[in-house]
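Peer 1: One file: coords_4.csv (CSV, C-alpha atoms).
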chain,number,residue,atom,x,y,z
N,543,MET,CA,114.3,56.3,88.4
N,544,ALA,CA,112.2,56.5,91.5
N,545,GLN,CA,111.2,59.9,92.8
N,546,ILE,CA,113.3,61.0,95.8
N,547,PHE,CA,110.5,63.1,97.3
N,548,HIS,CA,107.0,62.0,97.8
N,549,ARG,CA,104.3,64.1,96.1
N,550,SER,CA,103.1,65.4,99.4
N,551,THR,CA,106.4,67.3,99.9
N,552,ASN,CA,105.1,69.9,97.4
N,553,THR,CA,102.3,70.8,99.7
N,554,ILE,CA,104.6,70.6,102.8
N,555,SER,CA,107.2,72.9,101.3
N,556,ARG,CA,104.5,75.5,100.3
N,557,VAL,CA,102.8,75.4,103.7
N,558,SER,CA,106.1,75.7,105.5
N,559,ILE,CA,107.3,78.7,103.4
N,560,PHE,CA,104.1,80.7,103.7
N,561,GLY,CA,103.3,79.4,107.1
N,562,GLY,CA,106.8,80.4,108.3
N,563,VAL,CA,106.4,83.9,107.0
N,564,ALA,CA,102.9,84.1,108.6
N,565,VAL,CA,104.3,82.9,112.0
N,566,LEU,CA,107.1,85.4,111.8
N,567,LEU,CA,104.7,88.2,111.0
N,568,THR,CA,102.3,87.2,113.8
N,569,LEU,CA,105.3,87.2,116.1
N,570,PHE,CA,106.3,90.7,115.1
N,571,ALA,CA,102.7,91.9,115.4
N,572,ALA,CA,102.5,90.3,118.9
N,573,VAL,CA,105.7,92.0,120.0
N,574,ALA,CA,104.5,95.3,118.7
N,575,ALA,CA,101.2,94.9,120.3
N,576,ILE,CA,102.7,94.1,123.7
N,577,ASN,CA,105.1,97.0,123.3
N,578,ASN,CA,102.2,99.4,122.8
N,579,ALA,CA,100.0,97.8,125.4
N,580,SER,CA,99.2,100.1,128.3
N,581,TYR,CA,100.7,97.4,130.6
N,582,LEU,CA,104.1,98.5,129.4
N,583,THR,CA,103.4,102.1,128.3
N,584,GLU,CA,101.2,103.1,131.2
N,585,VAL,CA,99.0,105.0,128.8
N,586,ARG,CA,95.7,105.9,130.4
N,587,VAL,CA,96.6,104.0,133.6
N,588,ALA,CA,95.8,106.3,136.5
N,589,ARG,CA,98.5,106.2,139.2
N,590,ALA,CA,97.9,106.0,142.9
N,591,GLN,CA,99.2,109.1,144.7
N,592,PRO,CA,99.7,110.0,148.4
N,593,VAL,CA,96.9,112.5,148.0
N,594,GLN,CA,94.0,111.9,145.6
N,595,PHE,CA,94.8,115.2,143.8
N,596,SER,CA,92.4,115.9,140.9
N,597,HIS,CA,93.5,118.0,138.0
N,598,LYS,CA,89.9,117.8,136.7
N,599,HIS,CA,88.7,119.6,139.9
N,600,HIS,CA,91.5,122.2,140.1
N,601,VAL,CA,91.5,123.0,136.4
N,602,SER,CA,87.9,122.6,135.2
N,603,ASP,CA,86.0,123.5,138.3
N,604,ASP,CA,88.3,126.1,139.8
N,605,GLY,CA,89.7,127.5,136.6
N,606,LEU,CA,93.3,127.5,137.7
N,607,ASP,CA,95.9,128.1,135.0
N,608,CYS,CA,98.6,125.3,134.7
N,609,ARG,CA,101.2,127.9,135.6
N,610,TYR,CA,99.7,128.7,139.0
N,611,CYS,CA,101.3,125.5,140.2
N,612,HIS,CA,103.8,124.5,137.5
N,613,THR,CA,105.6,127.7,137.9
N,614,SER,CA,108.8,126.9,136.0
N,615,VAL,CA,107.3,125.4,132.8
N,616,GLU,CA,108.0,128.6,130.7
N,617,LYS,CA,111.7,129.0,131.7
N,618,SER,CA,113.0,125.6,132.7
N,619,SER,CA,113.4,122.1,131.4
N,620,PHE,CA,111.3,120.9,134.3
N,621,ALA,CA,107.7,122.1,134.6
N,622,GLY,CA,107.9,122.1,138.4
N,623,ILE,CA,105.9,120.3,141.1
N,624,PRO,CA,104.3,122.8,143.4
N,625,SER,CA,105.7,123.2,146.9
N,626,THR,CA,103.4,122.3,149.8
N,627,LYS,CA,103.2,126.0,150.4
N,628,ILE,CA,101.5,126.6,147.1
N,629,CYS,CA,98.8,123.9,148.0
N,630,MET,CA,98.3,125.7,151.3
N,631,ASN,CA,97.7,129.1,149.6
N,632,CYS,CA,94.1,127.9,149.3
N,633,HIS,CA,93.9,125.0,151.6
N,634,THR,CA,94.6,126.9,154.8
N,635,GLN,CA,91.0,127.9,154.4
N,636,ILE,CA,89.4,125.6,151.9
N,637,TRP,CA,88.9,122.0,152.9
N,638,ALA,CA,91.1,122.9,155.8
N,639,ASP,CA,89.8,120.0,157.9
N,640,SER,CA,89.5,117.4,155.2
N,641,PRO,CA,91.1,114.1,156.2
N,642,ILE,CA,92.1,113.6,152.5
N,643,LEU,CA,94.4,116.6,152.8
N,644,GLU,CA,96.1,115.5,156.0
N,645,PRO,CA,99.3,114.5,154.2
N,646,VAL,CA,99.5,118.0,152.8
N,647,ARG,CA,99.0,119.6,156.2
N,648,ALA,CA,101.5,117.2,157.7
N,649,SER,CA,104.0,118.1,155.1
N,650,PHE,CA,103.4,121.8,155.8
N,651,ARG,CA,103.8,121.3,159.6
N,652,THR,CA,106.9,119.1,159.4
N,653,GLY,CA,108.6,120.6,156.4
N,654,ARG,CA,109.0,117.1,154.8
N,655,SER,CA,108.2,116.8,151.1
N,656,LEU,CA,105.1,115.0,149.8
N,657,GLU,CA,106.3,112.0,147.8
N,658,TRP,CA,104.2,112.1,144.6
N,659,THR,CA,104.4,109.2,142.2
N,660,ARG,CA,106.0,110.3,139.0
N,661,VAL,CA,103.7,109.8,135.9
N,662,HIS,CA,105.8,111.1,133.1
N,663,ASN,CA,109.3,109.7,133.1
N,664,LEU,CA,111.8,109.6,130.3
N,665,PRO,CA,114.9,107.4,130.1
N,666,GLY,CA,118.0,109.1,131.4
N,667,PHE,CA,119.5,109.3,127.9
N,668,VAL,CA,116.8,111.7,126.6
N,669,TYR,CA,117.0,115.4,127.4
N,670,PHE,CA,113.6,117.0,127.2
N,671,ASP,CA,113.0,120.7,127.9
N,672,HIS,CA,109.5,122.0,128.6
N,673,SER,CA,110.4,125.7,128.1
N,674,ILE,CA,111.4,125.5,124.5
N,675,HIS,CA,108.2,123.5,123.6
N,676,VAL,CA,105.9,125.8,125.4
N,677,ASN,CA,107.6,128.9,123.9
N,678,LYS,CA,107.4,127.5,120.4
N,679,GLY,CA,103.6,126.8,120.4
N,680,VAL,CA,103.4,123.2,121.6
N,681,GLY,CA,100.3,123.1,123.8
N,682,CYS,CA,100.2,121.3,127.1
N,683,SER,CA,97.3,119.1,125.9
N,684,THR,CA,99.2,118.1,122.7
N,685,CYS,CA,101.4,115.8,124.9
N,686,HIS,CA,99.6,115.6,128.2
N,687,GLY,CA,96.0,115.2,126.8
N,688,ARG,CA,93.0,116.7,128.4
N,689,VAL,CA,94.4,117.0,131.9
N,690,ASP,CA,91.4,119.1,132.8
N,691,GLN,CA,89.3,115.9,132.5
N,692,MET,CA,91.6,113.6,134.5
N,693,PRO,CA,90.5,113.0,138.1
N,694,LEU,CA,93.8,111.2,138.7
N,695,MET,CA,96.8,111.8,136.5
N,696,TRP,CA,97.7,109.4,133.8
N,697,ARG,CA,100.0,109.3,130.8
N,698,GLU,CA,98.1,110.2,127.6
N,699,ASN,CA,100.9,109.2,125.2
N,700,THR,CA,103.6,106.6,125.2
N,701,LEU,CA,106.5,109.1,125.2
N,702,TYR,CA,108.2,106.7,122.8
N,703,MET,CA,110.7,108.1,120.3
N,704,GLU,CA,108.4,107.3,117.4
N,705,TRP,CA,105.8,109.4,119.1
N,706,CYS,CA,108.2,112.4,119.6
N,707,LEU,CA,109.3,112.2,116.0
N,708,GLU,CA,105.7,112.4,114.7
N,709,CYS,CA,105.9,116.1,115.7
N,710,HIS,CA,109.6,116.7,115.2
N,711,ARG,CA,109.3,115.6,111.6
N,712,ALA,CA,106.1,117.7,110.9
N,713,PRO,CA,105.6,120.3,113.6
N,714,GLU,CA,103.1,122.2,111.4
N,715,ARG,CA,100.6,119.4,112.2
N,716,PHE,CA,100.6,120.2,115.9
N,717,VAL,CA,101.8,123.7,116.8
N,718,ARG,CA,99.2,126.3,117.9
N,719,PRO,CA,99.4,130.1,118.6
N,720,ARG,CA,101.5,130.9,121.7
N,721,GLU,CA,98.5,132.4,123.5
N,722,GLN,CA,96.6,129.1,123.2
N,723,VAL,CA,99.4,126.9,124.7
N,724,PHE,CA,97.8,126.7,128.1
N,725,ASN,CA,94.3,126.4,126.8
N,726,MET,CA,93.1,122.9,127.6
N,727,GLU,CA,90.1,123.2,125.3
N,728,TRP,CA,92.0,124.2,122.2
N,729,GLN,CA,91.2,121.9,119.2
N,730,PRO,CA,93.2,122.0,115.9
N,731,PRO,CA,91.2,124.1,113.5
N,732,GLU,CA,90.2,122.8,110.0
N,733,ASN,CA,93.1,124.8,108.4
N,734,GLN,CA,95.6,123.4,110.9
N,735,LEU,CA,98.1,122.7,108.2
N,736,ALA,CA,98.0,126.3,106.8
N,737,LEU,CA,98.0,127.8,110.3
N,738,GLY,CA,100.8,125.4,111.4
N,739,GLN,CA,103.0,126.3,108.4
N,740,LYS,CA,102.5,130.0,109.2
N,741,LEU,CA,103.4,129.5,112.8
N,742,VAL,CA,106.4,127.4,112.0
N,743,ARG,CA,107.8,130.3,109.9
N,744,GLU,CA,106.8,132.9,112.4
N,745,TYR,CA,108.2,131.1,115.5
N,746,LYS,CA,111.2,129.9,113.4
N,747,ILE,CA,110.5,126.3,114.3
N,748,GLN,CA,113.0,123.9,112.8
N,749,LYS,CA,112.5,120.2,111.9
N,750,LEU,CA,114.7,118.9,114.6
N,751,THR,CA,115.3,115.2,113.8
N,752,SER,CA,119.1,115.0,114.4
N,753,CYS,CA,119.8,112.4,117.1
N,754,SER,CA,121.9,114.9,119.2
N,755,ILE,CA,118.9,117.2,119.6
N,756,CYS,CA,117.5,115.0,122.3
N,757,HIS,CA,120.4,112.5,123.0
N,758,HIS,CA,123.4,114.7,124.0
E,1011,MET,CA,132.4,65.4,124.8
E,1012,THR,CA,129.9,64.7,122.1
E,1013,GLU,CA,129.2,67.2,119.4
E,1014,GLY,CA,125.7,67.8,120.8
E,1015,ALA,CA,126.9,68.5,124.3
E,1016,ARG,CA,129.3,71.1,123.0
E,1017,TYR,CA,126.6,72.9,121.1
E,1018,LYS,CA,124.5,72.9,124.2
E,1019,ARG,CA,127.3,74.6,126.2
E,1020,VAL,CA,127.8,77.2,123.6
E,1021,ILE,CA,124.1,78.0,123.5
E,1022,VAL,CA,123.9,78.3,127.3
E,1023,PHE,CA,126.9,80.5,127.4
E,1024,LEU,CA,125.6,82.8,124.6
E,1025,ALA,CA,122.2,83.0,126.4
E,1026,ALA,CA,123.9,84.0,129.7
E,1027,VAL,CA,125.9,86.7,127.9
E,1028,LEU,CA,122.8,88.1,126.2
E,1029,LEU,CA,120.7,88.1,129.3
E,1030,ALA,CA,123.4,89.8,131.3
E,1031,ALA,CA,123.1,92.7,128.8
E,1032,CYS,CA,119.5,93.1,129.7
E,1033,GLN,CA,119.9,96.1,132.0
E,1034,GLN,CA,118.4,99.5,132.3
E,1035,ARG,CA,121.6,101.3,133.2
E,1036,MET,CA,121.4,103.7,130.3
E,1037,ALA,CA,117.8,104.6,131.2
E,1038,ASP,CA,118.4,104.8,135.0
E,1039,GLN,CA,121.7,106.8,135.1
E,1040,PRO,CA,123.4,107.5,138.4
E,1041,ARG,CA,122.2,111.1,138.7
E,1042,TYR,CA,119.1,112.7,140.1
E,1043,GLU,CA,116.2,113.8,137.9
E,1044,PRO,CA,114.7,117.0,139.2
E,1045,LEU,CA,113.1,116.5,142.6
E,1046,GLN,CA,113.9,112.8,142.6
E,1047,LYS,CA,113.9,111.1,146.0
E,1048,SER,CA,117.4,110.8,147.6
E,1049,GLU,CA,118.3,108.1,150.0
E,1050,PHE,CA,121.5,110.0,150.9
E,1051,PHE,CA,120.1,113.1,152.5
E,1052,GLY,CA,118.1,112.9,155.8
E,1053,ASP,CA,115.2,114.8,154.4
E,1054,ASN,CA,115.2,112.6,151.2
E,1055,ARG,CA,115.5,115.7,149.0
E,1056,SER,CA,117.9,115.7,146.1
E,1057,ALA,CA,117.0,119.3,145.5
E,1058,ARG,CA,119.0,120.8,148.3
E,1059,PRO,CA,117.7,124.0,150.0
E,1060,ALA,CA,120.2,126.9,149.6
E,1061,VAL,CA,122.5,127.4,152.6
E,1062,GLU,CA,121.3,130.3,154.8
E,1063,GLY,CA,122.7,133.5,153.6
E,1064,ALA,CA,123.6,132.2,150.2
E,1065,VAL,CA,123.0,134.7,147.3
E,1066,ALA,CA,122.5,133.3,143.8
E,1067,ARG,CA,124.6,135.0,141.1
E,1068,GLY,CA,122.7,138.1,139.9
E,1069,ALA,CA,120.2,137.9,142.8
E,1070,LEU,CA,121.8,140.2,145.3
E,1071,GLN,CA,118.9,142.4,146.5
E,1072,ASN,CA,120.8,145.7,146.5
E,1073,ASP,CA,118.0,147.7,144.7
E,1074,GLU,CA,115.6,148.7,147.4
E,1075,LEU,CA,112.8,149.9,145.1
E,1076,PHE,CA,113.0,147.0,142.8
E,1077,TYR,CA,113.1,144.3,145.5
E,1078,THR,CA,110.9,145.8,148.2
E,1079,GLY,CA,108.7,148.4,146.5
E,1080,LYS,CA,109.9,151.0,149.0
E,1081,ILE,CA,112.1,154.1,149.0
E,1082,GLY,CA,113.7,154.8,152.4
E,1083,GLY,CA,111.4,152.2,154.0
E,1084,LYS,CA,108.3,153.9,152.7
E,1085,GLU,CA,106.0,152.4,150.0
E,1086,ALA,CA,107.0,154.1,146.8
E,1087,ASP,CA,104.4,155.5,144.3
E,1088,THR,CA,106.7,155.0,141.4
E,1089,PHE,CA,108.0,152.1,139.3
E,1090,PRO,CA,111.7,151.0,139.2
E,1091,TYR,CA,111.6,151.5,135.4
E,1092,PRO,CA,109.3,153.1,132.8
E,1093,VAL,CA,106.0,151.2,132.3
E,1094,THR,CA,105.5,150.0,128.7
E,1095,GLU,CA,102.7,148.3,126.9
E,1096,THR,CA,104.6,145.0,126.9
E,1097,MET,CA,104.7,145.3,130.7
E,1098,PHE,CA,101.0,145.9,130.9
E,1099,ARG,CA,100.3,142.9,128.7
E,1100,ARG,CA,102.7,140.7,130.8
E,1101,GLY,CA,101.0,142.1,133.9
E,1102,GLN,CA,97.6,141.2,132.6
E,1103,GLU,CA,98.7,137.6,131.8
E,1104,ARG,CA,100.3,137.1,135.2
E,1105,PHE,CA,97.3,138.7,137.0
E,1106,ASN,CA,95.0,136.3,135.3
E,1107,ILE,CA,97.1,133.3,136.3
E,1108,TYR,CA,98.0,134.2,139.9
E,1109,CYS,CA,95.6,136.8,141.1
E,1110,SER,CA,92.3,136.1,139.4
E,1111,PRO,CA,91.5,132.8,141.3
E,1112,CYS,CA,90.5,135.1,144.2
E,1113,HIS,CA,90.4,138.7,142.9
E,1114,ASP,CA,88.7,137.6,139.6
E,1115,ARG,CA,89.7,139.1,136.3
E,1116,THR,CA,88.1,142.5,137.0
E,1117,GLY,CA,89.7,142.9,140.5
E,1118,ARG,CA,86.3,143.0,142.3
E,1119,GLY,CA,87.3,140.0,144.5
E,1120,GLU,CA,84.7,137.5,143.4
E,1121,GLY,CA,87.0,134.8,142.1
E,1122,LEU,CA,86.2,131.1,142.0
E,1123,VAL,CA,88.3,130.3,145.1
E,1124,VAL,CA,86.4,133.0,147.0
E,1125,ARG,CA,83.1,131.4,145.9
E,1126,ARG,CA,84.4,128.1,147.3
E,1127,GLY,CA,84.7,129.8,150.7
E,1128,TYR,CA,88.0,131.6,150.9
E,1129,ARG,CA,87.9,134.9,152.9
E,1130,PRO,CA,87.0,137.5,150.2
E,1131,PRO,CA,89.6,140.1,149.4
E,1132,PRO,CA,88.6,143.8,149.2
E,1133,SER,CA,87.8,145.0,145.7
E,1134,LEU,CA,90.8,146.7,144.0
E,1135,HIS,CA,88.5,149.5,143.1
E,1136,ILE,CA,87.8,150.9,146.6
E,1137,ASP,CA,89.2,154.3,147.4
E,1138,ARG,CA,91.9,153.1,149.8
E,1139,LEU,CA,93.4,150.8,147.1
E,1140,ARG,CA,92.9,153.4,144.3
E,1141,GLN,CA,95.0,155.8,146.4
E,1142,ALA,CA,97.6,153.2,147.6
E,1143,PRO,CA,101.0,153.7,146.1
E,1144,ALA,CA,102.2,151.2,143.4
E,1145,GLY,CA,104.8,149.9,145.9
E,1146,HIS,CA,102.0,148.8,148.2
E,1147,PHE,CA,100.8,146.2,145.7
E,1148,PHE,CA,104.4,145.0,145.2
E,1149,GLU,CA,104.8,144.7,149.0
E,1150,VAL,CA,101.5,142.8,149.4
E,1151,MET,CA,102.5,140.4,146.6
E,1152,THR,CA,105.9,139.9,148.2
E,1153,HIS,CA,104.8,139.3,151.8
E,1154,GLY,CA,101.1,138.8,151.7
E,1155,VAL,CA,98.6,140.6,153.9
E,1156,GLY,CA,95.6,139.4,156.0
E,1157,ALA,CA,94.3,136.2,154.5
E,1158,MET,CA,96.3,136.6,151.3
E,1159,PRO,CA,99.5,134.4,151.2
E,1160,ASP,CA,102.7,135.8,149.7
E,1161,TYR,CA,103.4,135.2,146.0
E,1162,ALA,CA,107.2,135.6,146.2
E,1163,GLU,CA,107.8,132.0,145.2
E,1164,GLN,CA,105.4,132.0,142.2
E,1165,VAL,CA,105.9,135.5,140.8
E,1166,PRO,CA,109.4,136.9,140.4
E,1167,PRO,CA,109.9,140.6,141.2
E,1168,GLU,CA,109.7,141.9,137.5
E,1169,ASP,CA,106.4,140.2,137.2
E,1170,ARG,CA,105.2,141.6,140.5
E,1171,TRP,CA,105.9,145.1,139.1
E,1172,ALA,CA,104.1,144.2,135.8
E,1173,ILE,CA,101.1,143.1,137.9
E,1174,ALA,CA,101.2,146.3,139.9
E,1175,ALA,CA,101.1,148.3,136.6
E,1176,TYR,CA,98.2,146.2,135.4
E,1177,ILE,CA,96.3,146.8,138.6
E,1178,ARG,CA,96.6,150.5,138.0
E,1179,ALA,CA,95.2,149.9,134.5
E,1180,LEU,CA,92.4,147.8,135.9
E,1181,GLN,CA,91.5,150.5,138.4
E,1182,PHE,CA,91.6,153.1,135.7
E,1183,SER,CA,89.4,151.0,133.4
E,1184,GLN,CA,86.6,150.7,136.0
E,1185,GLN,CA,86.4,154.5,136.5
E,1186,ALA,CA,87.0,155.5,132.9
E,1187,ARG,CA,84.6,157.7,130.9
E,1188,LEU,CA,83.9,157.5,127.3
E,1189,SER,CA,85.8,160.7,126.8
E,1190,ASP,CA,89.0,158.9,128.1
E,1191,VAL,CA,88.8,156.6,125.0
E,1192,PRO,CA,90.5,158.0,121.9
E,1193,GLU,CA,87.9,158.8,119.3
E,1194,ASN,CA,89.0,156.3,116.7
E,1195,GLU,CA,88.7,153.5,119.3
E,1196,ARG,CA,85.2,154.3,120.5
E,1197,ARG,CA,83.6,152.5,117.7
E,1198,ARG,CA,85.5,149.3,118.6
E,1199,LEU,CA,84.3,149.7,122.1
E,1200,ALA,CA,80.7,149.7,121.0
E,1201,GLU,CA,81.3,146.6,118.9
E,1202,THR,CA,82.8,144.6,121.8
E,1203,LYS,CA,80.0,145.6,124.1
E,1204,ARG,CA,77.5,144.0,121.8
Any chance you could give the structure as structure tokens?
Peer 2:
Amino acid sequence: MAQIFHRSTNTISRVSIFGGVAVLLTLFAAVAAINNASYLTEVRVARAQPVQFSHKHHVSDDGLDCRYCHTSVEKSSFAGIPSTKICMNCHTQIWADSPILEPVRASFRTGRSLEWTRVHNLPGFVYFDHSIHVNKGVGCSTCHGRVDQMPLMWRENTLYMEWCLECHRAPERFVRPREQVFNMEWQPPENQLALGQKLVREYKIQKLTSCSICHH
Amino acid sequence: MTEGARYKRVIVFLAAVLLAACQQRMADQPRYEPLQKSEFFGDNRSARPAVEGAVARGALQNDELFYTGKIGGKEADTFPYPVTETMFRRGQERFNIYCSPCHDRTGRGEGLVVRRGYRPPPSLHIDRLRQAPAGHFFEVMTHGVGAMPDYAEQVPPEDRWAIAAYIRALQFSQQARLSDVPENERRRLAETKR
């Protein structure tokens, strides 16, 4: 009896099976890569703002504490964007004639708000609260990166759920002593795991991975 | 209709249904995020300023000493409640956040913002301020004085009192003698000095 399939079909079938898997894997990898590309995540992409405000200058050069401007970070879900009045605490006298600061002065004169471009924005179905994180030993720089080295603000992390869960599953890897929360230069010590486990017990930090913790 | 044409129609229909589902309505819900821009209000603020004369629950300013630092209109040299160590520590933390940019951490008035050209404040250790009543510092933080703006927005009244207490401690520390330090603490003092 004659063969139904030519000998070459052996090769074709192998190539198509393995090739198909390879194509699928490449496709997945490509989607994942696009998903994590800064084009979509905005990670490390500096945003244009109505005033070229530099955190680097105000934090590193002038030594201002985060809370001088972000006054509600310890007691509210929202860290707070400073009112124009807070800017003018210093800028009535410092750089008082600078053209760069004209929008700030205009806002102060007219009472209309400055319209900053939001850098960190979560989807509406996620409820994030700054105060609980700050009070349980999650440092500003853990999520926001070295803000004291950013001339213009950018997003240091994706804010994706997988990123949140890295810490929610194992907080001991990231928490620091409360008095170091606002320290921009704090680096995890070599014994971070031991320190973290101690702090997790001391601050009664739970592993909060139930959906309704953030989606409620 | 041929078999092929029917399949095509089904595929087009399915694609249309699936694409219609591609929306961000869960992510962009019809509510305001804090300080989000509003197209509804004339000033574009979704965070509405309080109506004039409105009093938030629990914020009725009916305690003269606590809210003004005065008793019978005169700056009081007393605190509205006993000063504790927790209060000193809180005051130290708040002083370092809100006051030290100009007054520097020791209160001498040589903070970084002053070095950048802001009108220098007087040292907190001059006689006039050492003799000023505690309520004076509260009043200045609440309404500002001279070149100093008010800090009522950034520092709530309890914290202003804590800072006033810490200023007292700072003033004392700059005039203190070794004999003021408890004997068992003196050795530690020598250690930190080195």
Peer 1: As an exercise, work out the distance from atom CA of Arg589 of chain N to atom CA of Cys706 of chain N in Å and give it to one decimal place.
Peer 2: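 So the answer is 22.7 Å.
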Peer 1: Excluding Ser1133 of chain E and any residue of its chain fewer than 5 positions from it, enumerate the residues within 8 Å of it, using all atoms listed in the file, and give them as a tab-separated table (two decimals) with C-alpha atoms, keeping the file's coordinate frame.
Peer 2:
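Output below, filename part28.tsv:
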chain	number	residue	atom	x	y	z
E	1113	HIS	CA	90.40	138.70	142.90
E	1117	GLY	CA	89.70	142.90	140.50
E	1118	ARG	CA	86.30	143.00	142.30
E	1119	GLY	CA	87.30	140.00	144.50
Peer 1: Just want the 8 Å neighbourhood of Phe595 of chain N, counted on all atoms listed in the file, with same-chain residues fewer than 2 positions away dropped. Output as a short mmCIF file (atom, residue, chain, number, x, y, z; two decimals) with C-alpha atoms, in the coordinates of the input.
Peer 2:
data_model
loop_
_atom_site.label_atom_id
_atom_site.label_comp_id
_atom_site.auth_asym_id
_atom_site.auth_seq_id
_atom_site.Cartn_x
_atom_site.Cartn_y
_atom_site.Cartn_z
CA GLN N 591 99.20 109.10 144.70
CA VAL N 593 96.90 112.50 148.00
CA HIS N 597 93.50 118.00 138.00
CA PRO N 693 90.50 113.00 138.10
CA LEU N 694 93.80 111.20 138.70
#
Peer 1: What separation in Å, quoted to one decimal, exists between atom CA of Gly653 of chain N and atom CA of Ser1056 of chain E?
Peer 2: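 Computing the Euclidean distance for atom CA of Gly653 of chain N and atom CA of Ser1056 of chain E yields 14.7 Å.
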Peer 1: Give me, as a ChimeraX atom specification, the contact residues of chain N against chain E at a cut-off of 10 Å, counting all atoms listed in the file.
Peer 2: /N:603-614,619-625,627-628,630-637,653-655,657-658,660,663-668,721
Peer 1: What is the distance, in Å and to one decimal place, between atom CA of Phe1051 of chain E and atom CA of Val661 of chain N?
Peer 2: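 Computed distance, atom CA of Phe1051 of chain E to atom CA of Val661 of chain N, equals 23.6 Å.
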Peer 1: If we count only C-alpha atoms and set the cut-off at 9 Å, which residues sit around His1146 of chain E, ignoring sequence neighbours fewer than 4 positions away in its own chain? Please answer as an NGL selection string.
Peer 2: :E and (1079-1080 or 1085-1087 or 1139 or 1142 or 1150-1151 or 1174)
Peer 1: With all heavy atoms as the goal, would you fill in the gaps in segment 1188-1193 of chain E and present it as a compact mmCIF listing (two decimals), in the frame of the given file?
Peer 2:
# COMPACT_ATOMS: atom_id res chain seq x y z
N LEU E 1188 83.78 157.62 128.71
CA LEU E 1188 83.90 157.50 127.30
C LEU E 1188 84.88 158.49 126.69
O LEU E 1188 85.61 158.22 125.75
CB LEU E 1188 82.53 157.60 126.61
CG LEU E 1188 82.48 157.15 125.15
CD1 LEU E 1188 82.85 155.67 125.02
CD2 LEU E 1188 81.11 157.39 124.54
N SER E 1189 84.92 159.67 127.35
CA SER E 1189 85.80 160.70 126.80
C SER E 1189 87.29 160.37 127.03
O SER E 1189 88.16 160.97 126.42
CB SER E 1189 85.50 162.05 127.52
OG SER E 1189 85.58 161.88 128.92
N ASP E 1190 87.58 159.37 127.90
CA ASP E 1190 89.00 158.90 128.10
C ASP E 1190 89.44 158.07 126.92
O ASP E 1190 90.64 157.85 126.76
CB ASP E 1190 89.10 158.13 129.37
CG ASP E 1190 88.88 158.98 130.61
OD1 ASP E 1190 89.24 160.18 130.55
OD2 ASP E 1190 88.34 158.47 131.60
N VAL E 1191 88.48 157.54 126.14
CA VAL E 1191 88.80 156.60 125.00
C VAL E 1191 89.13 157.45 123.80
O VAL E 1191 88.34 158.32 123.44
CB VAL E 1191 87.68 155.65 124.77
CG1 VAL E 1191 88.05 154.67 123.67
CG2 VAL E 1191 87.31 154.91 126.04
N PRO E 1192 90.26 157.24 123.15
CA PRO E 1192 90.50 158.00 121.90
C PRO E 1192 89.40 157.76 120.91
O PRO E 1192 88.82 156.67 120.83
CB PRO E 1192 91.82 157.28 121.38
CG PRO E 1192 92.42 156.61 122.55
CD PRO E 1192 91.31 156.28 123.49
N GLU E 1193 89.08 158.84 120.15
CA GLU E 1193 87.90 158.80 119.30
C GLU E 1193 87.84 157.65 118.34
O GLU E 1193 86.81 157.02 118.17
CB GLU E 1193 87.76 160.14 118.56
CG GLU E 1193 86.50 160.90 118.95
CD GLU E 1193 86.51 162.28 118.37
OE1 GLU E 1193 86.05 162.40 117.22
OE2 GLU E 1193 86.99 163.21 119.04
